[in-house]
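> mmCIF, C-alpha atoms and all ligand atoms, saved as structure_39.cif, coming up:
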```cif
data_start
loop_
_atom_site.label_atom_id
_atom_site.label_comp_id
_atom_site.auth_asym_id
_atom_site.auth_seq_id
_atom_site.Cartn_x
_atom_site.Cartn_y
_atom_site.Cartn_z
CA MET A 1032 31.19 -24.49 -40.55
CA ILE A 1033 29.50 -26.34 -37.71
CA GLN A 1034 26.19 -25.84 -39.46
CA ASN A 1035 27.69 -27.45 -42.50
CA LEU A 1036 28.90 -30.33 -40.37
CA VAL A 1037 25.41 -30.90 -39.01
CA LYS A 1038 23.90 -30.75 -42.44
CA ARG A 1039 26.56 -33.11 -43.68
CA ARG A 1040 25.92 -35.55 -40.80
CA LYS A 1041 22.19 -35.61 -41.52
CA VAL A 1042 22.81 -36.10 -45.24
CA SER A 1043 25.23 -38.98 -44.58
CA VAL A 1044 22.77 -40.71 -42.25
CA PHE A 1045 20.07 -40.26 -44.88
CA LEU A 1046 22.37 -41.73 -47.53
CA TRP A 1047 23.16 -44.65 -45.25
CA LEU A 1048 19.43 -45.22 -44.83
CA LEU A 1049 19.00 -45.31 -48.59
CA VAL A 1050 21.98 -47.56 -49.03
CA LEU A 1051 20.82 -50.00 -46.32
CA THR A 1052 17.29 -50.05 -47.69
CA ALA A 1053 18.63 -50.65 -51.21
CA VAL A 1054 21.00 -53.36 -50.00
CA GLY A 1055 18.09 -54.93 -48.04
CA SER A 1056 15.94 -54.91 -51.24
CA VAL A 1057 18.70 -56.46 -53.34
CA ILE A 1058 19.51 -59.20 -50.80
CA SER A 1059 15.83 -59.94 -50.17
CA ALA A 1060 15.27 -60.17 -53.97
CA VAL A 1061 18.27 -62.49 -54.41
CA ASP A 1062 17.59 -64.54 -51.29
CA GLN A 1063 13.80 -64.55 -51.90
CA ASN A 1064 13.49 -63.58 -48.23
CA LEU A 1065 11.71 -60.36 -47.14
CA VAL A 1066 13.37 -60.48 -43.67
CA TRP A 1067 16.60 -58.94 -45.04
CA TYR A 1068 14.71 -56.03 -46.50
CA LEU A 1069 12.81 -55.33 -43.26
CA LEU A 1070 15.86 -55.87 -41.01
CA LEU A 1071 18.21 -53.55 -42.86
CA GLY A 1072 15.45 -51.01 -43.49
CA ASP A 1073 14.71 -50.90 -39.70
CA VAL A 1074 18.40 -50.44 -38.88
CA GLY A 1075 18.41 -47.44 -41.22
CA VAL A 1076 15.30 -45.93 -39.63
CA ILE A 1077 16.70 -46.40 -36.09
CA ALA A 1078 19.98 -44.73 -37.14
CA TRP A 1079 18.00 -41.77 -38.56
CA ARG A 1080 15.93 -41.38 -35.35
CA LEU A 1081 19.08 -41.48 -33.18
CA ALA A 1082 20.71 -38.78 -35.27
CA THR A 1083 17.72 -36.41 -35.07
CA ILE A 1084 17.15 -37.02 -31.29
CA GLN A 1085 20.81 -36.35 -30.55
CA SER A 1086 20.75 -33.04 -32.45
CA ARG A 1087 17.61 -31.97 -30.48
CA ILE A 1088 19.15 -32.75 -27.07
CA ASN A 1089 22.39 -30.92 -27.87
CA PRO A 1090 21.36 -28.25 -30.32
CA ILE A 1091 24.40 -26.88 -31.94
CA PRO A 1092 24.35 -23.12 -31.88
CA GLU A 1093 23.82 -21.21 -35.04
CA ALA A 1094 27.21 -20.00 -36.08
CA SER A 1095 27.55 -16.76 -37.88
CA VAL A 1096 29.79 -16.98 -40.79
CA ASP A 1097 31.75 -13.95 -41.69
CA PRO A 1098 31.23 -13.53 -45.44
CA GLN A 1099 34.48 -11.56 -45.63
CA ASP A 1100 36.47 -14.29 -43.97
CA PRO A 1101 34.76 -17.61 -44.34
CA GLY A 1102 37.88 -19.45 -43.21
CA THR A 1103 37.99 -17.95 -39.69
CA PRO A 1104 36.35 -20.24 -37.12
CA PRO A 1105 33.51 -18.34 -35.39
CA ALA A 1106 33.88 -17.59 -31.67
CA TYR A 1107 32.13 -20.08 -29.37
CA GLN A 1108 28.76 -18.90 -28.11
CA PRO A 1109 27.19 -20.69 -25.16
CA PRO A 1110 23.70 -22.06 -25.76
CA PRO A 1111 20.96 -19.61 -24.78
CA SER A 1112 19.49 -20.29 -21.34
CA PRO A 1113 16.01 -21.81 -21.57
CA ARG A 1114 13.26 -19.19 -21.60
CA PRO A 1115 10.86 -19.46 -18.61
CA ARG A 1116 7.49 -20.79 -19.71
CA SER A 1117 5.53 -18.26 -17.67
CA THR A 1118 6.40 -15.35 -15.41
CA PHE A 1119 5.13 -15.32 -11.81
CA ARG A 1120 3.84 -12.12 -10.26
CA PRO A 1121 4.82 -11.57 -6.62
CA LEU A 1122 2.14 -12.27 -4.02
CA ARG A 1123 0.54 -9.29 -2.35
CA VAL A 1124 1.57 -9.36 1.29
CA ASP A 1125 -0.67 -7.23 3.47
CA PRO A 1126 1.36 -5.47 6.12
CA VAL A 1127 0.69 -6.75 9.60
CA GLY A 1128 -0.30 -4.05 12.01
CA SER A 1129 -2.30 -0.92 11.50
CA SER A 1130 -5.18 -1.55 9.09
CA LEU A 1131 -5.45 2.17 8.35
CA SER A 1132 -3.91 3.29 5.05
CA ALA A 1133 -1.75 6.40 5.10
CA GLN A 1134 -4.25 8.10 2.77
CA GLY A 1135 -7.10 7.12 5.11
CA ALA A 1136 -5.06 8.47 8.02
CA LEU A 1137 -4.50 11.80 6.30
CA ASP A 1138 -8.20 12.04 5.43
CA GLU A 1139 -9.11 11.35 9.05
CA LEU A 1140 -6.71 14.04 10.24
CA ASP A 1141 -8.15 16.49 7.72
CA ARG A 1142 -11.64 15.78 9.02
CA MET A 1143 -10.63 16.51 12.60
CA VAL A 1144 -11.93 19.86 13.77
CA GLY A 1145 -9.34 22.46 14.88
CA LEU A 1146 -5.93 21.11 15.93
CA ALA A 1147 -4.19 23.59 13.58
CA ALA A 1148 -0.91 23.58 15.54
CA VAL A 1149 -0.93 19.79 15.81
CA LYS A 1150 -1.50 19.43 12.06
CA ARG A 1151 1.38 21.84 11.36
CA GLU A 1152 3.69 19.71 13.55
CA LEU A 1153 2.54 16.54 11.79
CA ASN A 1154 3.28 18.14 8.41
CA LYS A 1155 6.86 18.77 9.57
CA ILE A 1156 7.24 15.21 10.85
CA MET A 1157 5.91 13.75 7.58
CA ALA A 1158 8.09 16.02 5.44
CA SER A 1159 11.25 15.00 7.38
CA ALA A 1160 10.37 11.29 7.11
CA GLN A 1161 9.70 11.64 3.38
CA VAL A 1162 13.02 13.43 2.70
CA GLU A 1163 14.80 10.82 4.78
CA GLN A 1164 13.22 8.08 2.68
CA ARG A 1165 14.30 9.81 -0.54
CA ARG A 1166 17.87 10.28 0.77
CA ARG A 1167 18.02 6.59 1.62
CA ALA A 1168 16.72 5.67 -1.85
CA SER A 1169 19.40 7.88 -3.45
CA GLY A 1170 22.13 6.23 -1.40
CA LEU A 1171 22.78 9.35 0.72
CA SER A 1172 23.63 9.12 4.41
CA VAL A 1173 20.74 9.26 6.88
CA SER A 1174 21.63 10.03 10.48
CA PRO A 1175 19.57 8.15 13.04
CA VAL A 1176 16.81 10.23 14.58
CA SER A 1177 14.88 9.69 17.76
CA ARG A 1178 11.15 9.85 17.04
CA HIS A 1179 9.91 9.44 20.59
CA MET A 1180 7.39 12.14 21.43
CA VAL A 1181 5.36 13.78 24.14
CA PHE A 1182 1.69 14.66 23.57
CA THR A 1183 0.46 17.10 26.16
CA GLY A 1184 -3.16 18.06 26.66
CA PRO A 1185 -6.36 17.38 28.54
CA PRO A 1186 -8.50 14.27 27.94
CA GLY A 1187 -10.49 13.86 24.74
CA VAL A 1188 -8.51 16.18 22.46
CA GLY A 1189 -7.52 13.57 19.89
CA LYS A 1190 -4.14 12.40 21.20
CA THR A 1191 -4.91 8.72 20.67
CA VAL A 1192 -6.49 9.31 17.25
CA VAL A 1193 -3.43 11.28 16.13
CA ALA A 1194 -1.05 8.56 17.43
CA ARG A 1195 -2.97 5.97 15.38
CA THR A 1196 -2.85 8.01 12.20
CA LEU A 1197 0.84 8.73 12.74
CA GLY A 1198 1.49 4.98 13.04
CA ALA A 1199 -0.16 4.36 9.66
CA ILE A 1200 1.76 7.22 8.03
CA TYR A 1201 5.10 6.03 9.48
CA ARG A 1202 4.39 2.52 8.22
CA ASP A 1203 3.66 3.73 4.68
CA LEU A 1204 6.77 5.92 4.70
CA GLY A 1205 8.85 2.90 5.71
CA VAL A 1206 9.80 4.44 9.08
CA LEU A 1207 8.09 1.69 11.09
CA PRO A 1208 7.48 -1.86 9.84
CA ARG A 1209 3.99 -2.31 11.34
CA GLY A 1210 2.73 1.08 12.51
CA HIS A 1211 0.21 -0.27 15.01
CA VAL A 1212 -0.42 1.45 18.33
CA ILE A 1213 -0.34 -0.28 21.70
CA GLU A 1214 -2.03 1.90 24.29
CA THR A 1215 -1.12 1.39 27.89
CA ASP A 1216 -0.83 3.16 31.22
CA ARG A 1217 0.84 2.50 34.54
CA SER A 1218 -1.25 -0.59 35.21
CA GLY A 1219 -0.01 -2.17 31.96
CA LEU A 1220 3.65 -1.61 32.83
CA VAL A 1221 4.08 -1.88 36.59
CA ALA A 1222 3.62 -5.16 38.50
CA GLU A 1223 2.72 -5.70 42.12
CA TYR A 1224 5.72 -7.72 43.21
CA ILE A 1225 9.44 -7.11 43.10
CA GLY A 1226 11.19 -8.33 39.95
CA GLN A 1227 8.04 -8.55 37.86
CA THR A 1228 7.84 -4.99 36.57
CA ALA A 1229 10.77 -5.24 34.14
CA GLN A 1230 9.15 -8.30 32.54
CA LYS A 1231 5.71 -6.68 32.37
CA THR A 1232 7.17 -3.57 30.72
CA LYS A 1233 9.18 -5.74 28.29
CA ASP A 1234 5.96 -7.56 27.35
CA ARG A 1235 4.32 -4.25 26.35
CA ILE A 1236 7.48 -3.22 24.47
CA ASN A 1237 7.44 -6.50 22.54
CA GLU A 1238 3.77 -6.05 21.68
CA ALA A 1239 4.49 -2.55 20.36
CA MET A 1240 7.67 -3.53 18.45
CA GLY A 1241 7.45 -2.24 14.87
CA GLY A 1242 4.85 0.35 15.92
CA ILE A 1243 4.02 2.87 18.61
CA LEU A 1244 3.88 2.36 22.37
CA PHE A 1245 1.45 5.00 23.63
CA ILE A 1246 1.64 5.57 27.38
CA ASP A 1247 -1.27 7.52 28.81
CA GLU A 1248 -0.79 9.47 32.05
CA ALA A 1249 2.90 8.58 31.96
CA TYR A 1250 3.59 10.84 34.97
CA THR A 1251 2.05 8.22 37.27
CA LEU A 1252 5.15 6.07 36.63
CA ALA A 1253 7.32 8.61 38.43
CA ALA A 1254 4.71 9.80 40.92
CA GLY A 1255 5.49 7.16 43.57
CA ARG A 1256 9.25 7.65 43.58
CA ALA A 1257 9.33 8.58 47.24
CA VAL A 1258 7.24 5.59 48.19
CA GLN A 1259 9.22 2.52 49.10
CA GLY A 1260 8.26 -0.51 47.08
CA ASP A 1261 7.05 1.52 44.09
CA PHE A 1262 8.22 -0.12 40.89
CA GLY A 1263 7.46 2.77 38.52
CA GLN A 1264 11.17 3.53 38.32
CA GLU A 1265 11.90 -0.02 37.19
CA ALA A 1266 9.41 0.47 34.35
CA ILE A 1267 11.02 3.80 33.37
CA ASP A 1268 14.52 2.22 33.33
CA THR A 1269 13.34 -0.66 31.16
CA LEU A 1270 11.60 1.78 28.81
CA LEU A 1271 14.65 4.04 28.51
CA LYS A 1272 16.83 1.12 27.49
CA ALA A 1273 14.33 -0.11 24.87
CA MET A 1274 13.91 3.42 23.49
CA GLU A 1275 17.65 3.55 22.85
CA ASP A 1276 18.14 -0.03 21.66
CA TYR A 1277 15.14 -0.21 19.32
CA ARG A 1278 14.77 3.35 18.13
CA GLU A 1279 14.60 2.20 14.51
CA ARG A 1280 11.65 -0.09 15.27
CA LEU A 1281 9.80 1.48 18.15
CA VAL A 1282 8.32 4.90 18.78
CA VAL A 1283 7.29 5.71 22.35
CA ILE A 1284 4.72 8.46 22.88
CA VAL A 1285 3.96 9.59 26.41
CA ALA A 1286 0.81 11.58 27.02
CA GLY A 1287 -0.72 13.60 29.82
CA TYR A 1288 -1.47 17.07 31.16
CA PRO A 1289 1.38 19.55 30.48
CA ALA A 1290 2.36 20.21 34.11
CA GLN A 1291 2.37 16.55 35.06
CA ILE A 1292 4.35 15.54 31.97
CA GLY A 1293 6.89 18.24 32.91
CA GLN A 1294 7.29 16.63 36.34
CA PHE A 1295 7.67 13.22 34.74
CA LEU A 1296 10.40 14.36 32.34
CA SER A 1297 12.38 16.07 35.10
CA SER A 1298 12.13 13.01 37.38
CA ASN A 1299 14.95 11.26 35.55
CA PRO A 1300 17.97 12.92 33.89
CA GLY A 1301 17.78 10.56 30.92
CA LEU A 1302 14.10 11.14 30.15
CA ALA A 1303 13.89 14.67 28.72
CA SER A 1304 16.69 14.08 26.21
CA ARG A 1305 15.02 10.91 24.95
CA PHE A 1306 11.87 12.83 23.95
CA PRO A 1307 13.06 15.48 21.49
CA LYS A 1308 9.57 16.54 20.38
CA THR A 1309 6.57 17.74 22.34
CA ILE A 1310 3.24 18.37 20.62
CA PRO A 1311 0.75 20.35 22.68
CA PHE A 1312 -2.94 19.54 22.15
CA PRO A 1313 -5.00 22.50 23.37
CA ALA A 1314 -8.47 22.05 24.84
CA TYR A 1315 -11.22 22.66 22.26
CA THR A 1316 -13.23 25.86 22.31
CA ALA A 1317 -17.01 25.56 22.74
CA ASP A 1318 -17.46 26.45 19.05
CA GLU A 1319 -15.08 23.67 18.01
CA LEU A 1320 -16.92 21.21 20.24
CA LEU A 1321 -20.25 22.24 18.67
CA GLU A 1322 -18.76 21.62 15.23
CA ILE A 1323 -17.47 18.19 16.41
CA LEU A 1324 -20.99 17.40 17.66
CA LYS A 1325 -22.52 18.32 14.29
CA ARG A 1326 -20.02 16.15 12.41
CA MET A 1327 -20.65 13.22 14.74
CA LEU A 1328 -24.43 13.55 14.22
CA LYS A 1329 -23.95 13.73 10.45
CA LYS A 1330 -21.87 10.58 10.54
CA GLU A 1331 -24.74 8.88 12.38
CA GLN A 1332 -27.13 10.15 9.67
CA LEU A 1333 -28.93 12.42 12.10
CA ARG A 1334 -29.85 16.10 11.57
CA PHE A 1335 -31.30 18.93 13.60
CA VAL A 1336 -34.82 19.98 12.71
CA GLY A 1337 -36.40 23.07 14.15
CA ASP A 1338 -34.81 26.32 15.29
CA GLN A 1339 -31.11 25.76 14.53
CA ALA A 1340 -29.88 28.96 16.26
CA ARG A 1341 -31.76 28.11 19.44
CA MET A 1342 -30.34 24.60 19.50
CA ASP A 1343 -26.80 25.88 18.87
CA SER A 1344 -26.99 28.34 21.74
CA MET A 1345 -28.48 25.70 24.06
CA ILE A 1346 -25.59 23.34 23.35
CA LEU A 1347 -22.94 26.08 23.46
CA ASN A 1348 -24.12 27.18 26.92
CA TRP A 1349 -23.98 23.63 28.14
CA LEU A 1350 -20.48 23.06 26.68
CA THR A 1351 -19.14 26.32 28.13
CA SER A 1352 -20.35 25.47 31.61
CA ARG A 1353 -19.13 21.84 31.40
CA SER A 1354 -15.67 22.88 30.19
CA ARG A 1355 -15.09 24.71 33.49
CA ASP A 1356 -14.90 21.32 35.19
CA PRO A 1357 -11.19 20.39 35.49
CA GLY A 1358 -11.95 16.80 34.42
CA PHE A 1359 -13.94 17.86 31.33
CA GLY A 1360 -13.51 15.25 28.58
CA ASN A 1361 -13.67 17.56 25.50
CA ALA A 1362 -14.58 15.58 22.34
CA ARG A 1363 -15.08 12.40 24.37
CA GLU A 1364 -17.82 14.18 26.31
CA VAL A 1365 -19.35 15.31 23.02
CA ARG A 1366 -19.45 11.66 21.96
CA THR A 1367 -21.32 10.83 25.16
CA LEU A 1368 -23.73 13.69 24.41
CA VAL A 1369 -24.39 12.20 20.95
CA GLU A 1370 -25.25 8.89 22.62
CA ARG A 1371 -27.69 10.66 24.94
CA ILE A 1372 -29.29 12.50 22.00
CA ARG A 1373 -29.80 9.16 20.22
CA GLU A 1374 -31.37 7.68 23.35
CA ALA A 1375 -33.73 10.63 23.72
CA GLN A 1376 -34.70 10.36 20.05
CA ALA A 1377 -35.29 6.60 20.41
CA VAL A 1378 -37.62 7.10 23.38
CA ARG A 1379 -39.59 9.74 21.42
CA LEU A 1380 -39.77 7.56 18.29
CA ALA A 1381 -40.96 4.57 20.32
CA ASN A 1382 -44.26 6.43 20.73
CA ASP A 1383 -44.29 7.71 17.16
CA PRO A 1384 -43.96 4.80 14.69
CA SER A 1385 -44.14 7.08 11.62
CA GLY A 1386 -41.59 9.58 12.98
CA ASP A 1387 -38.55 10.67 10.92
CA LEU A 1388 -35.65 8.39 11.91
CA GLN A 1389 -33.04 11.00 11.03
CA ALA A 1390 -34.58 14.00 12.78
CA VAL A 1391 -33.25 15.36 16.07
CA THR A 1392 -35.63 17.79 17.71
CA ASP A 1393 -35.48 20.52 20.36
CA SER A 1394 -36.94 18.16 22.90
CA ASP A 1395 -34.30 15.47 22.17
CA ILE A 1396 -31.54 18.01 22.80
CA GLN A 1397 -33.19 19.29 25.98
CA GLU A 1398 -33.62 15.74 27.21
CA ALA A 1399 -29.98 14.89 26.45
CA LEU A 1400 -28.69 18.04 28.17
CA GLU A 1401 -31.06 17.36 31.09
CA ILE A 1402 -32.30 20.91 30.93
N1 LIG B 1501 -10.86 17.31 16.46
C1 LIG B 1501 -11.70 16.27 16.53
N2 LIG B 1501 -12.66 16.16 15.62
C2 LIG B 1501 -13.54 15.13 15.69
N3 LIG B 1501 -13.52 14.18 16.63
C3 LIG B 1501 -12.56 14.24 17.57
C4 LIG B 1501 -11.61 15.28 17.57
N4 LIG B 1501 -10.78 15.09 18.62
C5 LIG B 1501 -11.20 13.99 19.25
N5 LIG B 1501 -12.25 13.48 18.63
C6 LIG B 1501 -13.00 12.28 19.04
O1 LIG B 1501 -13.04 12.28 20.46
C7 LIG B 1501 -12.82 11.00 21.00
C8 LIG B 1501 -11.63 11.01 21.97
O2 LIG B 1501 -10.42 11.23 21.24
P1 LIG B 1501 -9.04 10.59 21.73
O3 LIG B 1501 -9.30 9.25 22.33
O4 LIG B 1501 -8.08 10.68 20.65
O5 LIG B 1501 -8.66 11.60 22.86
P2 LIG B 1501 -7.41 11.57 23.83
O6 LIG B 1501 -6.80 12.90 23.75
O7 LIG B 1501 -6.56 10.40 23.54
O8 LIG B 1501 -8.11 11.40 25.21
P3 LIG B 1501 -7.58 10.69 26.56
O9 LIG B 1501 -6.44 11.51 27.05
O10 LIG B 1501 -8.75 10.75 27.47
O11 LIG B 1501 -7.22 9.31 26.18
C9 LIG B 1501 -12.60 10.09 19.80
O12 LIG B 1501 -13.81 9.43 19.56
C10 LIG B 1501 -12.27 11.02 18.67
O13 LIG B 1501 -12.70 10.51 17.43
MG MG B 1502 -6.34 8.53 24.62
#
```
What does the file become when written as structure tokens?
Ligand SMILES: Nc1ncnc2c1ncn2[C@@H]1O[C@H](COP(=O)(O)OP(=O)(O)OP(=O)(O)O)[C@@H](O)[C@H]1O
Ligand SMILES: [Mg+2]


Amino acid sequence: MIQNLVKRRKVSVFLWLLVLTAVGSVISAVDQNLVWYLLLGDVGVIAWRLATIQSRINPIPEASVDPQDPGTPPAYQPPPSPRPRSTFRPLRVDPVGSSLSAQGALDELDRMVGLAAVKRELNKIMASAQVEQRRRASGLSVSPVSRHMVFTGPPGVGKTVVARTLGAIYRDLGVLPRGHVIETDRSGLVAEYIGQTAQKTKDRINEAMGGILFIDEAYTLAAGRAVQGDFGQEAIDTLLKAMEDYRERLVVIVAGYPAQIGQFLSSNPGLASRFPKTIPFPAYTADELLEILKRMLKKEQLRFVGDQARMDSMILNWLTSRSRDPGFGNAREVRTLVERIREAQAVRLANDPSGDLQAVTDSDIQEALEI
């Protein structure tokens, strides 16, 4: 019906235009004056334009007419909302924090020699976080979990590397917003003067918020308890509070030798219960260290030439004797050995301009091991 009305309105305006133009022609013919013709003709044209503009501004919706019941007025339908001219894609926002992707982190962990027990523990942690994420996505309840951890083990066994990869994995699983790792030790938490330690510890906590606060040799915080004027306890108290208050946004990992970490956890009744998981990192065997050395050399595009078995046994003997030292640095010491091998090779190549840049010889190894 409305459609008919519109059509009818347009037709009537058109008829008026014709009538006015005709009247204008008649009057101008009678009056011998063309002004009448133009004037009335223009009025008609303006009326036509107004009618068409009006119907464009307020388009009258198409009304469906029921053929069975043409007399029933159709229900009112609101005009369709204007269609957007183009759709915008959301901007890619790179997460702030760890630059390592979770896939890169897993690859790095896979490449690490040994650490079978550590990798098993990490698999459990990742599986729990993944199930938790799926429960949340399905609208199921997720009880809050404390993810603070203890890494025990000697120096150079990959504790820091594992903490970094865990940060990236937690970030990609949505457990932590940033997943970066702030590494610190007593000197980064404890201040010299009274009243300053709480603030210094809070500063580190703020830096680590959204990621992992990794505290190396954490036992040194509790070691000076008997000493008057030691502010380690103030740092521990501040940490304990933050670990409780921000457990959804902060993971604290304390690291150190097993016996010393045990002392640290028993120094304060609240500490042990705040760290539900301990991951032991065993010292590497000499064979594992040799394998780490070979992988490091390969990464540097270096390769042994000469009697491989002789070189292996030379290095294994050296590693076995070095590992008896209580302060032995495991893979970190292997990294230092790689540096010394490169130096020895450089000195040899300095006198041999056509020498193979990738070759590591017997003499380079002997030089590096100072045999
Ligand atoms: N299993 C491994 N395979 C290959 N490289 C390793 C392995 N473990 C450690 N490394 C290398 O050894 C070096 C020291 O590792 P990392 O800093 O993680 O040790 P750490 O346990 O944190 O030592 P520290 O207690 O002294 O801080 C790093 O360069 C790391 O890449
Ligand atoms: Mg470390």

> Please identify the residues whose atoms come within 10 Å of ligand LIG 1501 (chain B), using all atoms listed in the file, and report them as a PyMOL selection string.

chain A and resi 1139-1147+1182-1195+1214+1245-1248+1286-1288+1312-1315+1319-1320+1322-1327+1358-1367

> If you measure from atom CA of Leu1400 of chain A to atom CA of Pro1384 of chain A, what distance in Å do you get, rounded to one decimal?

24.3 Å

> For Arg1165 of chain A, which residue among A:Ala1136, A:Gln1332, A:Leu1204, A:Ser1298 is the nearest when counting only C-alpha atoms?

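Smallest separation from Arg1165 of chain A among the options: A:Leu1204.
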
> Can you tell me how far atom CA of Arg1217 of chain A sits from atom CA of Ala1249 of chain A, in Å to one decimal?

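It comes out at 6.9 Å.
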
> Just want the 12 Å neighbourhood of Tyr1224 of chain A, counted on all atoms listed in the file, with same-chain residues fewer than 2 positions away dropped. Output as a list in words.

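Once the nearby chain positions are removed, what remains is Val1221, Ala1222, Gly1226, Gln1227, Thr1228, Ala1229, Gln1230, Lys1231, Gly1260, Asp1261, Phe1262, Gly1263 and Glu1265 of chain A.
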
> What's around Ala1239 of chain A at 8 Å? Count all atoms listed in the file, leave out sequence neighbours fewer than 5 positions away in its own chain, and write the answer as a list in words.

His1211, Val1212, Ile1213, Leu1244 and Leu1281 of chain A

> Using all atoms listed in the file, find the one residue out of A:Lys1233, A:Ile1225, A:Asp1216, A:Asp1138 that sits nearest to ligand MG 1502 (chain B).

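Among the listed residues, A:Asp1216 lies closest to ligand MG 1502 (chain B).
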
> Could you check how far atom CA of Ala1377 of chain A sits from atom CA of Glu1401 of chain A, in Å to one decimal?

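Between atom CA of Ala1377 of chain A and atom CA of Glu1401 of chain A the gap is 15.7 Å.
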
> Kindly indicate which residue among A:Leu1388, A:Leu1131, A:Leu1137, A:Leu1153 lies nearest to Val1336 of chain A, using all atoms listed in the file for the distances.

A:Leu1388

> Which residue is closest to Val1181 of chain A? Choose from A:Ser1394, A:Gln1376, A:Asn1348, A:Ser1304 and count all atoms listed in the file.

A:Ser1304
